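Notes for the one structure printed next.
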Amino acid sequence: MKLIQKVLIMFLITLSANSIAQGSDNSGNINSGFRFAIDDQKGHPFLKSDWYEGNFVKNDGTTSDKMLINYQIVDNFLTVMKMEGGEKIFLKINNDDYKGFVIKDKDNKVFIYKKIEGNLFDSKKKEDKFYLMSNPPKSTIVIESTKTYKDPNASGWSSSTNTTKRGEYKSSTTAYVLNKDNKYVKVKYSTSSIAKAFSDKKKEIKAFIKKQNIKIDDAADLIPIVDYYYSIK
């Protein structure tokens, strides 16, 4: 069985245990999406630099056919690219119909994204968005990808929409861990930040990091720490 199929099965098992309420229009019909244009700016507002093979996971637990997908993270909507008459057509998809997606990039790395409600965060968010699962099938560590548009021409009434200079998108990521209250808490890659997030086991967490000599540089380094927390919680 191919890697993406194995990951997709694991993802479905995870999501079936963490079901999200369906939207009012749960057709799951990709053809119901509508077209949008790609702006000519430096950088882009999308999760990936291109449209890659993947599957959407519907609210009922079934999956879409394999297709070329992406995620527009600035305005928070899923997208599909199709070829029609030799032309690339980009479709905006209704987020309400789906609770996750799996995408494989150009290096054949598989990434699993899960929709998480805004009220499940310690600092409540306005929107339900898709977050990268760092330790699937567990949802205890998730990563948020964000982009902001920087307009070098913005001054008073002028902007890059009416000048020859182009604005650009700046990317950033934020890590969250699921705490004792089942709320996602923002963390930095440091011992003090992780210990604060798991304040009910603060001493134990610090001792574990020191004993295991863990250097926290990225989300992967959080996995043994969070797994340890849940083993003693």
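Identifiers for the structure tokens are assigned positionally: chains receive A, B, ... in sequence, residues are indexed from 1 per chain, and ligands are indexed from 1 in the order shown.
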Give me, as a tab-separated table (two decimals) with N, CA and C atoms, in the first residue's frame, all polymer residues having an atom no more than 6 Å from region 73-83 of chain A, counting only C-alpha atoms and skipping those fewer than 3 positions away in the same chain.
```
chain	number	residue	atom	x	y	z
A	45	PRO	N	-0.46	33.74	-1.53
A	45	PRO	CA	-1.21	33.57	-0.28
A	45	PRO	C	-1.55	32.11	0.05
A	46	PHE	N	-0.89	31.17	-0.63
A	46	PHE	CA	-1.24	29.76	-0.49
A	46	PHE	C	-0.29	29.00	0.45
A	68	LEU	N	-5.53	17.79	-7.65
A	68	LEU	CA	-4.50	18.78	-7.34
A	68	LEU	C	-5.11	19.83	-6.43
A	69	ILE	N	-4.62	19.91	-5.19
A	69	ILE	CA	-5.24	20.77	-4.19
A	69	ILE	C	-4.23	21.73	-3.56
A	70	ASN	N	-4.76	22.74	-2.89
A	70	ASN	CA	-3.96	23.70	-2.14
A	70	ASN	C	-4.87	24.36	-1.12
A	86	GLY	N	-6.74	22.86	-22.02
A	86	GLY	CA	-5.34	23.28	-21.95
A	86	GLY	C	-5.10	24.47	-21.05
A	87	GLU	N	-6.13	24.93	-20.36
A	87	GLU	CA	-6.02	26.09	-19.47
A	87	GLU	C	-6.16	25.65	-18.01
A	88	LYS	N	-5.35	26.26	-17.14
A	88	LYS	CA	-5.45	25.97	-15.71
A	88	LYS	C	-6.63	26.74	-15.12
A	89	ILE	N	-7.52	26.01	-14.47
A	89	ILE	CA	-8.68	26.60	-13.83
A	89	ILE	C	-8.57	26.39	-12.32
A	90	PHE	N	-8.71	27.46	-11.55
A	90	PHE	CA	-8.60	27.38	-10.10
A	90	PHE	C	-9.99	27.53	-9.48
A	91	LEU	N	-10.35	26.58	-8.63
A	91	LEU	CA	-11.67	26.58	-8.01
A	91	LEU	C	-11.57	26.77	-6.50
A	92	LYS	N	-12.43	27.62	-5.99
A	92	LYS	CA	-12.54	27.82	-4.54
A	92	LYS	C	-13.58	26.84	-4.01
A	93	ILE	N	-13.22	26.10	-2.95
A	93	ILE	CA	-14.08	25.06	-2.41
A	93	ILE	C	-14.65	25.48	-1.05
A	147	LYS	N	0.06	33.94	6.65
A	147	LYS	CA	0.76	34.85	5.75
A	147	LYS	C	0.13	36.23	5.86
```
- Item | Ala220 (chain A) environment, 12 Å, only C-alpha atoms, sequence neighbours closer than 2 positions dropped, as a VMD selection string | chain A and resid 133 to 136 141 to 143 175 189 214 to 218 222 to 227
Just write the chosen residues, N, CA and C atoms, as a compact mmCIF listing (two decimals), in the first residue's frame.
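Output file part.txt is given in full below:
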```txt
# COMPACT_ATOMS: atom_id res chain seq x y z
N MET A 133 -1.13 18.57 11.54
CA MET A 133 -0.96 17.66 12.67
C MET A 133 0.50 17.22 12.70
N SER A 134 1.21 17.57 13.76
CA SER A 134 2.64 17.28 13.84
C SER A 134 2.94 15.86 14.28
N ASN A 135 1.97 15.22 14.95
CA ASN A 135 2.20 13.88 15.48
C ASN A 135 0.97 13.00 15.24
N PRO A 136 0.57 12.85 13.95
CA PRO A 136 -0.63 12.06 13.67
C PRO A 136 -0.44 10.59 14.05
N ILE A 141 -0.44 18.17 19.09
CA ILE A 141 0.44 19.24 18.61
C ILE A 141 -0.01 19.63 17.21
N VAL A 142 -0.33 20.89 17.02
CA VAL A 142 -0.73 21.35 15.69
C VAL A 142 0.02 22.63 15.34
N ILE A 143 0.18 22.85 14.04
CA ILE A 143 0.91 24.01 13.55
C ILE A 143 0.00 24.86 12.68
N ALA A 175 3.14 27.17 16.77
CA ALA A 175 2.86 25.84 17.33
C ALA A 175 1.89 25.96 18.49
N TYR A 189 9.38 27.56 21.12
CA TYR A 189 10.28 26.41 21.19
C TYR A 189 11.30 26.63 22.30
N ILE A 214 16.88 17.30 25.71
CA ILE A 214 16.13 17.68 24.50
C ILE A 214 16.37 19.15 24.17
N LYS A 215 16.83 19.40 22.98
CA LYS A 215 16.97 20.76 22.48
C LYS A 215 15.75 21.06 21.62
N ILE A 216 14.98 22.04 22.02
CA ILE A 216 13.71 22.33 21.35
C ILE A 216 13.92 23.37 20.26
N ASP A 217 14.02 22.89 19.02
CA ASP A 217 14.25 23.77 17.89
C ASP A 217 13.06 23.86 16.94
N ASP A 218 12.22 22.82 16.93
CA ASP A 218 11.07 22.82 16.04
C ASP A 218 9.97 21.92 16.59
N LEU A 222 8.93 18.72 20.03
CA LEU A 222 7.86 18.76 21.02
C LEU A 222 7.21 17.40 21.23
N ILE A 223 7.33 16.52 20.24
CA ILE A 223 6.61 15.24 20.28
C ILE A 223 6.93 14.40 21.52
N PRO A 224 8.21 14.11 21.84
CA PRO A 224 8.48 13.29 23.03
C PRO A 224 8.04 13.98 24.32
N ILE A 225 8.09 15.31 24.35
CA ILE A 225 7.70 16.05 25.55
C ILE A 225 6.20 15.95 25.78
N VAL A 226 5.44 16.18 24.71
CA VAL A 226 3.98 16.12 24.82
C VAL A 226 3.52 14.69 25.09
N ASP A 227 4.15 13.72 24.45
CA ASP A 227 3.81 12.32 24.72
C ASP A 227 4.07 11.97 26.18
```
- Mind the document's chain letters and residue numbers, and return as a VMD selection string the residues of region 84-169 of chain A that DSSP labels helix (DSSP H, G or I). chain A and resid 95 to 97 118 to 120 160 to 162
Residue subset to file, keeping all heavy atoms, as a PDB file, in the first residue's frame:
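Result went into out18.pdb, see below:
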```pdb
ATOM      1  N   ASN A  95     -15.280  25.334   2.562  1.00  0.00           N
ATOM      2  CA  ASN A  95     -14.658  24.686   3.724  1.00  0.00           C
ATOM      3  C   ASN A  95     -15.649  23.901   4.570  1.00  0.00           C
ATOM      4  O   ASN A  95     -15.286  22.914   5.216  1.00  0.00           O
ATOM      5  CB  ASN A  95     -14.000  25.739   4.628  1.00  0.00           C
ATOM      6  CG  ASN A  95     -12.727  26.311   4.050  1.00  0.00           C
ATOM      7  OD1 ASN A  95     -12.348  26.001   2.921  1.00  0.00           O
ATOM      8  ND2 ASN A  95     -12.059  27.149   4.814  1.00  0.00           N
ATOM      9  N   ASP A  96     -16.902  24.349   4.599  1.00  0.00           N
ATOM     10  CA  ASP A  96     -17.894  23.725   5.475  1.00  0.00           C
ATOM     11  C   ASP A  96     -18.150  22.268   5.127  1.00  0.00           C
ATOM     12  O   ASP A  96     -18.657  21.508   5.953  1.00  0.00           O
ATOM     13  CB  ASP A  96     -19.221  24.491   5.411  1.00  0.00           C
ATOM     14  CG  ASP A  96     -19.121  25.879   6.021  1.00  0.00           C
ATOM     15  OD1 ASP A  96     -18.185  26.105   6.813  1.00  0.00           O
ATOM     16  OD2 ASP A  96     -19.972  26.729   5.705  1.00  0.00           O
ATOM     17  N   ASP A  97     -17.810  21.864   3.903  1.00  0.00           N
ATOM     18  CA  ASP A  97     -18.063  20.496   3.465  1.00  0.00           C
ATOM     19  C   ASP A  97     -16.978  19.514   3.899  1.00  0.00           C
ATOM     20  O   ASP A  97     -17.134  18.306   3.733  1.00  0.00           O
ATOM     21  CB  ASP A  97     -18.180  20.437   1.941  1.00  0.00           C
ATOM     22  CG  ASP A  97     -19.432  21.130   1.426  1.00  0.00           C
ATOM     23  OD1 ASP A  97     -20.366  21.324   2.222  1.00  0.00           O
ATOM     24  OD2 ASP A  97     -19.465  21.482   0.233  1.00  0.00           O
ATOM     25  N   GLY A 118     -12.406  27.420  16.219  1.00  0.00           N
ATOM     26  CA  GLY A 118     -11.745  28.545  16.869  1.00  0.00           C
ATOM     27  C   GLY A 118     -11.921  28.582  18.374  1.00  0.00           C
ATOM     28  O   GLY A 118     -11.048  29.062  19.107  1.00  0.00           O
ATOM     29  N   ASN A 119     -13.047  28.042  18.873  1.00  0.00           N
ATOM     30  CA  ASN A 119     -13.294  28.078  20.320  1.00  0.00           C
ATOM     31  C   ASN A 119     -12.540  27.001  21.087  1.00  0.00           C
ATOM     32  O   ASN A 119     -12.663  26.906  22.312  1.00  0.00           O
ATOM     33  CB  ASN A 119     -14.794  27.989  20.617  1.00  0.00           C
ATOM     34  CG  ASN A 119     -15.424  26.706  20.098  1.00  0.00           C
ATOM     35  OD1 ASN A 119     -14.736  25.769  19.698  1.00  0.00           O
ATOM     36  ND2 ASN A 119     -16.745  26.661  20.087  1.00  0.00           N
ATOM     37  N   LEU A 120     -11.749  26.187  20.380  1.00  0.00           N
ATOM     38  CA  LEU A 120     -10.944  25.166  21.052  1.00  0.00           C
ATOM     39  C   LEU A 120      -9.551  25.674  21.409  1.00  0.00           C
ATOM     40  O   LEU A 120      -8.726  24.914  21.906  1.00  0.00           O
ATOM     41  CB  LEU A 120     -10.829  23.914  20.169  1.00  0.00           C
ATOM     42  CG  LEU A 120     -12.127  23.132  19.955  1.00  0.00           C
ATOM     43  CD1 LEU A 120     -11.884  21.926  19.064  1.00  0.00           C
ATOM     44  CD2 LEU A 120     -12.719  22.687  21.290  1.00  0.00           C
ATOM     45  N   SER A 160      -0.107  49.417  -3.760  1.00  0.00           N
ATOM     46  CA  SER A 160       0.491  48.726  -4.899  1.00  0.00           C
ATOM     47  C   SER A 160      -0.529  48.386  -5.968  1.00  0.00           C
ATOM     48  O   SER A 160      -0.176  47.914  -7.034  1.00  0.00           O
ATOM     49  CB  SER A 160       1.194  47.452  -4.432  1.00  0.00           C
ATOM     50  OG  SER A 160       0.294  46.597  -3.793  1.00  0.00           O
ATOM     51  N   THR A 161      -1.804  48.618  -5.698  1.00  0.00           N
ATOM     52  CA  THR A 161      -2.813  48.348  -6.720  1.00  0.00           C
ATOM     53  C   THR A 161      -2.770  49.384  -7.830  1.00  0.00           C
ATOM     54  O   THR A 161      -3.290  49.155  -8.913  1.00  0.00           O
ATOM     55  CB  THR A 161      -4.226  48.336  -6.103  1.00  0.00           C
ATOM     56  OG1 THR A 161      -4.464  49.591  -5.463  1.00  0.00           O
ATOM     57  CG2 THR A 161      -4.362  47.212  -5.091  1.00  0.00           C
ATOM     58  N   ASN A 162      -2.157  50.555  -7.568  1.00  0.00           N
ATOM     59  CA  ASN A 162      -2.101  51.577  -8.613  1.00  0.00           C
ATOM     60  C   ASN A 162      -0.681  52.085  -8.860  1.00  0.00           C
ATOM     61  O   ASN A 162      -0.477  53.189  -9.330  1.00  0.00           O
ATOM     62  CB  ASN A 162      -3.035  52.747  -8.277  1.00  0.00           C
ATOM     63  CG  ASN A 162      -2.777  53.327  -6.898  1.00  0.00           C
ATOM     64  OD1 ASN A 162      -1.673  53.215  -6.381  1.00  0.00           O
ATOM     65  ND2 ASN A 162      -3.797  53.943  -6.320  1.00  0.00           N
TER      66      ASN A 162
END
```
- Item | All strand (DSSP E) positions in region 36-231 of chain A, as a ChimeraX atom specification | /A:52-58,67-72,77-84,87-93,98-104,110-116,129-133,141-150,168-178,184-187
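Closest approach to Gln72 (chain A) among A:Asp151, A:Glu168, A:Asp50, A:Asp221: A:Asp50, based on only C-alpha atoms.
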- Query: Near Phe56 (chain A), within 12 Å and counting only C-alpha atoms, which residues show up once chain neighbours fewer than 6 positions away are dropped, as a PyMOL selection string?
  - Reply: chain A and resi 8+11-12+28-30+62-71+78-80+93-103+112-115+130
Generate a file of the selected residues that holds C-alpha atoms, formatted as a short mmCIF file (atom, residue, chain, number, x, y, z; two decimals), in the first residue's frame.
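As a result, selection.cif now contains:
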```cif
data_model
loop_
_atom_site.label_atom_id
_atom_site.label_comp_id
_atom_site.auth_asym_id
_atom_site.auth_seq_id
_atom_site.Cartn_x
_atom_site.Cartn_y
_atom_site.Cartn_z
CA LEU A 8 -5.07 8.73 4.67
CA PHE A 11 -6.18 10.30 9.24
CA LEU A 12 -9.71 8.95 8.74
CA GLY A 28 -18.91 17.50 -1.19
CA ASN A 29 -19.19 18.26 -4.90
CA ILE A 30 -15.95 19.78 -6.21
CA THR A 62 -15.39 9.65 3.19
CA THR A 63 -12.70 11.11 0.95
CA SER A 64 -12.69 12.90 -2.36
CA ASP A 65 -10.94 11.51 -5.41
CA LYS A 66 -7.27 12.37 -5.76
CA MET A 67 -6.86 15.81 -7.28
CA LEU A 68 -4.50 18.78 -7.34
CA ILE A 69 -5.24 20.77 -4.19
CA ASN A 70 -3.96 23.70 -2.14
CA TYR A 71 -5.08 25.88 0.77
CA LEU A 78 -9.57 25.25 0.05
CA THR A 79 -8.71 25.20 -3.64
CA VAL A 80 -8.52 22.80 -6.57
CA ILE A 93 -14.08 25.06 -2.41
CA ASN A 94 -16.55 25.40 0.47
CA ASN A 95 -14.66 24.69 3.72
CA ASP A 96 -17.89 23.73 5.48
CA ASP A 97 -18.06 20.50 3.46
CA TYR A 98 -14.72 19.17 4.72
CA LYS A 99 -12.97 18.47 8.00
CA GLY A 100 -9.46 17.87 6.75
CA PHE A 101 -7.15 17.11 3.87
CA VAL A 102 -4.02 15.15 3.03
CA ILE A 103 -1.47 16.54 0.58
CA ILE A 112 -2.14 15.88 7.25
CA TYR A 113 -4.33 18.88 8.03
CA LYS A 114 -7.31 18.92 10.36
CA LYS A 115 -10.01 21.55 10.75
CA PHE A 130 -7.00 23.86 8.96
#
```
